[in-house]
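To start, the structure itself, in structure tokens.
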Amino acid sequence: MAGKSNTSSAIIGATLMDGTGAPPLRDAVVVVRGDCIEAVGAQGRVKVPQGAAVVDAEGRHLLPGMIDAHVHVSHPWFSPVSSPGSAEAYSTAVAIHNLRSALQAGITTVRDACGGRANLALRAAIERGIILGPRVFTAGRGLCMTGGHGSGLPGVREVDSPSAVRQAVREERKAGVDFIKLLSSHRTDFPEFSQDEIEAGVDEAHRLGLRVAIHAANLVSVRAAVQAGVDTIEHGSFLDEETAERMAREGIVLVPTLWVKHDLAERLQRRDGPPEGFAGSDPRDIEESAIWFAQCVEQLPETMRLARSCGVPIAAGTDFVMADKPWALLPEEVAFLVKLGLTPMEAIESATRIGAMALGQTEALGTVEPGKRADLILVERDPLHDISALRDVGWVMKDGRVIPRSPEWDRRPINPLLVSF
């Protein structure tokens with residue numbers, strides 16, 4: 001870990017939206033000591049320590065640092081044009097760029113929903129202050145059945161049988177992962193892992209103190225995952241009321257990844273957008289995927305209505321793995337949450353407090369409260385009036401440190417054919 005400081009600072013005069021869902025607090029004061037929040041309240045009620053560095057935030061809006069609850073730090077599609085030398089080294093350089101651009105955009109924590117072993121090294125490099133980036137929680141390699149979703153990707157391994165799933169969970173824990181990622185559906189109505197395999201993975205992970213996320217993009221897979229007691233459902237399309245009610249009762253977080261579903265539906269409809277390797281090389285698979293994503297997008301309003309009305313915790317996650325748009329797309333995901341029925345305040349909670357819930361980190365992250373990590377952002381416009389204000393984060397603090405602005409790291413895609421700094 002990088003050396004910790006006991007210096008103090010105070011952000012004064014902003015309108016605070018603390019991530020808890022409480023009404024905004026005008027003329028707020030937030031005192032930070034070292035890497036944690038020391039005090040929060042209205043001006044005149046919170047004492048600013050003598051000698052504290054003061055940030056004049058009058059007229060601006062202060063929020064917790066955002067949490068992207070579903071990213072892939074490394075993915076082959078981020079590097080569509082090959083480079084000389086080591087492909088892994090180039091992929092790691094792209095990942096460093098993406099991570100830094102996300103931090104500059106106000107995303108102070110990311111949840112890496114499976115990838116290669118380089119992601120564990122990147123997590124350590126950020127923790128030790130070697131590179132600048134958001135806090136990374138990583139699942140390491142994802143687990144799928146032979147020929148299942150993710151098969152063939154370098155960050156996914158194939159396992160079959162409950163005992164093989166248990167062994168794989170143990171190996172991922174040995175590698176140092178933060179949670180386990182199972183993948184149990186493709187673009188069909190059928191499940192992949194058996195119920196016994198999912199339950200073995202969940203049981204083994206929970207026994208070892210690890211949370212479990214599962215890629216479950218159809219109702220039958222979601223039902224099986226809920227029955228097994230997973231912690232988060234990734235995608236979770238085609239919910240029904242009974243399943244949504246059980247998710248709410250058991251505190252299972254839904255990460256619906258709305259923006260990317262709409263983007264893929266449009267790409268597949270155009271037939272000019274899928275990246276090389278998407279849905280395999282068989283044109284029939286492309287056609288089936290286009291039909292599935294169109295149906296998925298059509299029913300999403302009902303899925304989101306059920307999730308919200310039943311009280312399912314909804315976390316914001318992007319899951320974008322292509323090189324033609326910025327990696328830091330969380331503001332767009334939050335805007336889709338509002339478009340599909342959440343209030344702006346609820347959507348902000350999805351990108352802060354509930355993101356921390358998905359990580360099992362609510363004691364440390366996700367809200368602006370004394371004792372929490374000092375992850376804070378300032379925006380010029382009121383996101384409760386216009387949620388797109390989150391696209392224009394002008395100031396970022398992570399762990400009590402103000403992050404410097406670097407124009408070359410602004411939110412943008414990497415196009416290896418058109419790079420100019």
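The way I read the labels, and the way they are meant: chains A, B, ... in the order of the structure tokens, residue 1 as the first residue of every chain, and ligand 1 as the first ligand shown, with later ones counted on from there.
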
Within 8 Å of Cys310 of chain A, counting only C-alpha atoms, which residues qualify if same-chain residues fewer than 5 places away don't, as a list in words? Glu241, Ala244, Glu245 and Ala248 of chain A

Just want the 10 Å neighbourhood of Ala53 of chain A, counted on only C-alpha atoms, with same-chain residues fewer than 2 positions away dropped. Output as number ranges by chain. A: 7-11, 31-32, 48-51, 55-56

Same residues, N, CA and C atoms, output as a PDB file, in the first residue's frame:
ATOM      1  N   THR A   7      -2.940  14.245   6.811  1.00  0.00           N
ATOM      2  CA  THR A   7      -3.336  15.613   6.502  1.00  0.00           C
ATOM      3  C   THR A   7      -4.851  15.698   6.370  1.00  0.00           C
ATOM      4  N   SER A   8      -5.377  16.910   6.544  1.00  0.00           N
ATOM      5  CA  SER A   8      -6.822  17.087   6.476  1.00  0.00           C
ATOM      6  C   SER A   8      -7.193  18.086   5.393  1.00  0.00           C
ATOM      7  N   SER A   9      -8.401  17.950   4.903  1.00  0.00           N
ATOM      8  CA  SER A   9      -8.947  18.878   3.917  1.00  0.00           C
ATOM      9  C   SER A   9     -10.439  19.012   4.170  1.00  0.00           C
ATOM     10  N   ALA A  10     -11.018  20.060   3.615  1.00  0.00           N
ATOM     11  CA  ALA A  10     -12.449  20.298   3.800  1.00  0.00           C
ATOM     12  C   ALA A  10     -13.047  20.789   2.496  1.00  0.00           C
ATOM     13  N   ILE A  11     -14.118  20.130   2.069  1.00  0.00           N
ATOM     14  CA  ILE A  11     -14.862  20.546   0.878  1.00  0.00           C
ATOM     15  C   ILE A  11     -16.066  21.328   1.394  1.00  0.00           C
ATOM     16  N   VAL A  31     -15.333  17.008   5.898  1.00  0.00           N
ATOM     17  CA  VAL A  31     -13.952  17.055   6.369  1.00  0.00           C
ATOM     18  C   VAL A  31     -13.314  15.687   6.133  1.00  0.00           C
ATOM     19  N   VAL A  32     -12.142  15.711   5.535  1.00  0.00           N
ATOM     20  CA  VAL A  32     -11.396  14.495   5.224  1.00  0.00           C
ATOM     21  C   VAL A  32     -10.084  14.522   6.000  1.00  0.00           C
ATOM     22  N   VAL A  48     -14.125  23.027  10.853  1.00  0.00           N
ATOM     23  CA  VAL A  48     -13.049  22.778   9.901  1.00  0.00           C
ATOM     24  C   VAL A  48     -11.734  22.810  10.662  1.00  0.00           C
ATOM     25  N   PRO A  49     -10.944  21.740  10.607  1.00  0.00           N
ATOM     26  CA  PRO A  49      -9.685  21.705  11.361  1.00  0.00           C
ATOM     27  C   PRO A  49      -8.741  22.832  10.942  1.00  0.00           C
ATOM     28  N   GLN A  50      -8.023  23.352  11.897  1.00  0.00           N
ATOM     29  CA  GLN A  50      -7.045  24.391  11.604  1.00  0.00           C
ATOM     30  C   GLN A  50      -5.974  23.829  10.677  1.00  0.00           C
ATOM     31  N   GLY A  51      -5.671  24.593   9.657  1.00  0.00           N
ATOM     32  CA  GLY A  51      -4.653  24.169   8.705  1.00  0.00           C
ATOM     33  C   GLY A  51      -5.147  23.246   7.618  1.00  0.00           C
ATOM     34  N   VAL A  55     -11.343  23.295  -0.066  1.00  0.00           N
ATOM     35  CA  VAL A  55     -11.843  23.265  -1.440  1.00  0.00           C
ATOM     36  C   VAL A  55     -13.150  24.051  -1.463  1.00  0.00           C
ATOM     37  N   ASP A  56     -13.160  25.177  -2.155  1.00  0.00           N
ATOM     38  CA  ASP A  56     -14.372  25.994  -2.265  1.00  0.00           C
ATOM     39  C   ASP A  56     -15.265  25.378  -3.342  1.00  0.00           C
TER      40      ASP A  56
END

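Among A:Leu132, A:Arg173, A:Ala89, A:Ser289, the residue with the shortest atom-to-atom distance to Thr188 of chain A, counting only C-alpha atoms, is A:Ser289.
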
Which residues come within 9 Å of segment 341-347 of chain A, counting only C-alpha atoms, excluding same-chain residues fewer than 4 positions away, as a ChimeraX atom specification? /A:17,19,21-23,301,304-305,308,314-316,334-337,351-352,383-387

Output the selection as an mmCIF file, in the first residue's frame - N, CA and C atoms for each residue.
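Below is the file that was written, out-v2.cif:
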data_model
loop_
_atom_site.group_PDB
_atom_site.id
_atom_site.type_symbol
_atom_site.label_atom_id
_atom_site.label_comp_id
_atom_site.auth_asym_id
_atom_site.auth_seq_id
_atom_site.Cartn_x
_atom_site.Cartn_y
_atom_site.Cartn_z
ATOM 1 N N MET A 17 -25.117 15.182 -2.189
ATOM 2 C CA MET A 17 -25.967 14.002 -2.364
ATOM 3 C C MET A 17 -25.122 12.830 -1.880
ATOM 4 N N GLY A 19 -25.415 9.628 -1.322
ATOM 5 C CA GLY A 19 -25.501 8.238 -1.760
ATOM 6 C C GLY A 19 -26.456 7.378 -0.961
ATOM 7 N N GLY A 21 -29.589 8.178 -0.398
ATOM 8 C CA GLY A 21 -30.957 8.459 -0.799
ATOM 9 C C GLY A 21 -31.584 9.583 -0.008
ATOM 10 N N ALA A 22 -30.865 10.127 0.959
ATOM 11 C CA ALA A 22 -31.375 11.253 1.745
ATOM 12 C C ALA A 22 -31.488 12.492 0.871
ATOM 13 N N PRO A 23 -32.360 13.443 1.227
ATOM 14 C CA PRO A 23 -32.472 14.679 0.442
ATOM 15 C C PRO A 23 -31.127 15.401 0.373
ATOM 16 N N PRO A 301 -38.011 -2.868 -20.184
ATOM 17 C CA PRO A 301 -38.838 -2.024 -19.309
ATOM 18 C C PRO A 301 -39.633 -2.829 -18.281
ATOM 19 N N MET A 304 -37.202 -4.165 -15.536
ATOM 20 C CA MET A 304 -36.802 -3.109 -14.618
ATOM 21 C C MET A 304 -37.975 -2.659 -13.747
ATOM 22 N N ARG A 305 -39.185 -2.661 -14.305
ATOM 23 C CA ARG A 305 -40.360 -2.305 -13.497
ATOM 24 C C ARG A 305 -40.533 -3.302 -12.365
ATOM 25 N N ARG A 308 -37.687 -2.895 -9.701
ATOM 26 C CA ARG A 308 -37.859 -1.706 -8.861
ATOM 27 C C ARG A 308 -39.063 -1.854 -7.934
ATOM 28 N N ILE A 314 -30.474 -2.617 -7.211
ATOM 29 C CA ILE A 314 -30.007 -2.516 -8.596
ATOM 30 C C ILE A 314 -28.704 -1.734 -8.610
ATOM 31 N N ALA A 315 -27.634 -2.354 -9.088
ATOM 32 C CA ALA A 315 -26.326 -1.700 -9.183
ATOM 33 C C ALA A 315 -26.022 -1.370 -10.639
ATOM 34 N N ALA A 316 -25.337 -0.272 -10.847
ATOM 35 C CA ALA A 316 -24.994 0.180 -12.199
ATOM 36 C C ALA A 316 -23.679 -0.453 -12.641
ATOM 37 N N VAL A 334 -26.072 4.965 -16.049
ATOM 38 C CA VAL A 334 -26.947 5.616 -15.069
ATOM 39 C C VAL A 334 -28.111 6.306 -15.776
ATOM 40 N N ALA A 335 -27.846 6.930 -16.918
ATOM 41 C CA ALA A 335 -28.916 7.576 -17.680
ATOM 42 C C ALA A 335 -29.945 6.557 -18.160
ATOM 43 N N PHE A 336 -29.500 5.353 -18.530
ATOM 44 C CA PHE A 336 -30.444 4.315 -18.935
ATOM 45 C C PHE A 336 -31.280 3.829 -17.757
ATOM 46 N N LEU A 337 -30.704 3.789 -16.572
ATOM 47 C CA LEU A 337 -31.494 3.432 -15.393
ATOM 48 C C LEU A 337 -32.647 4.409 -15.199
ATOM 49 N N ALA A 351 -25.226 3.715 -8.585
ATOM 50 C CA ALA A 351 -23.823 3.911 -8.967
ATOM 51 C C ALA A 351 -22.922 4.193 -7.780
ATOM 52 N N THR A 352 -23.473 4.145 -6.568
ATOM 53 C CA THR A 352 -22.669 4.429 -5.370
ATOM 54 C C THR A 352 -22.947 3.377 -4.294
ATOM 55 N N PRO A 383 -27.443 16.753 -10.915
ATOM 56 C CA PRO A 383 -27.839 15.501 -11.570
ATOM 57 C C PRO A 383 -29.279 15.090 -11.275
ATOM 58 N N LEU A 384 -29.890 15.655 -10.243
ATOM 59 C CA LEU A 384 -31.299 15.350 -9.989
ATOM 60 C C LEU A 384 -32.209 16.031 -11.001
ATOM 61 N N HIS A 385 -31.751 17.121 -11.588
ATOM 62 C CA HIS A 385 -32.499 17.788 -12.657
ATOM 63 C C HIS A 385 -32.142 17.232 -14.029
ATOM 64 N N ASP A 386 -30.873 16.846 -14.193
ATOM 65 C CA ASP A 386 -30.411 16.300 -15.470
ATOM 66 C C ASP A 386 -29.309 15.298 -15.163
ATOM 67 N N ILE A 387 -29.635 14.010 -15.262
ATOM 68 C CA ILE A 387 -28.695 12.967 -14.874
ATOM 69 C C ILE A 387 -27.445 12.979 -15.733
#

Nearby residues (only C-alpha atoms) at most 12 Å from Leu330 of chain A, same-chain spacing under 3 positions excluded, as a compact mmCIF listing (two decimals) with C-alpha atoms, in the first residue's frame:
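So the final result, stored in out17.txt, reads:
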# COMPACT_ATOMS: atom_id res chain seq x y z
CA GLY A 65 -17.09 8.47 -6.08
CA MET A 66 -18.96 6.27 -8.54
CA ILE A 67 -18.69 2.48 -8.61
CA ASP A 68 -18.91 0.57 -11.89
CA ALA A 69 -20.22 -2.81 -10.75
CA HIS A 70 -19.44 -4.70 -13.96
CA VAL A 71 -16.34 -4.07 -16.03
CA SER A 101 -9.60 7.47 -17.83
CA ALA A 102 -12.29 5.93 -15.61
CA LEU A 103 -10.77 7.52 -12.50
CA ALA A 105 -14.35 10.46 -15.06
CA GLY A 106 -15.21 10.05 -11.37
CA ILE A 107 -15.31 6.25 -11.22
CA THR A 108 -13.26 5.55 -8.10
CA THR A 109 -14.00 1.81 -7.82
CA VAL A 110 -14.55 -0.91 -10.42
CA THR A 257 -26.09 -3.71 -17.84
CA LEU A 258 -28.71 -1.78 -19.79
CA TRP A 259 -26.62 0.42 -22.05
CA VAL A 260 -24.59 -2.40 -23.54
CA ALA A 315 -26.33 -1.70 -9.18
CA ALA A 316 -24.99 0.18 -12.20
CA GLY A 317 -22.49 -1.72 -14.36
CA THR A 318 -21.36 -1.22 -17.94
CA ASP A 319 -19.86 -4.51 -19.27
CA PHE A 320 -18.54 -2.77 -22.40
CA PRO A 326 -14.76 5.17 -24.08
CA TRP A 327 -14.32 2.54 -21.41
CA GLU A 333 -25.56 3.39 -17.83
CA VAL A 334 -26.95 5.62 -15.07
CA ALA A 335 -28.92 7.58 -17.68
CA PHE A 336 -30.44 4.32 -18.93
CA LEU A 337 -31.49 3.43 -15.39
CA ALA A 347 -29.88 5.88 -10.14
CA ILE A 348 -27.21 7.74 -8.17
CA SER A 350 -27.17 2.42 -7.97
CA ALA A 351 -23.82 3.91 -8.97
CA THR A 352 -22.67 4.43 -5.37
CA GLY A 355 -22.41 -0.73 -6.09
CA ILE A 387 -28.69 12.97 -14.87
CA SER A 388 -26.32 13.65 -17.78
CA LEU A 390 -22.52 12.95 -14.30
CA ARG A 391 -20.77 12.97 -17.68
CA ASP A 392 -18.95 16.15 -16.69
CA VAL A 393 -17.12 15.39 -13.46
CA ARG A 411 -12.76 9.88 -21.45
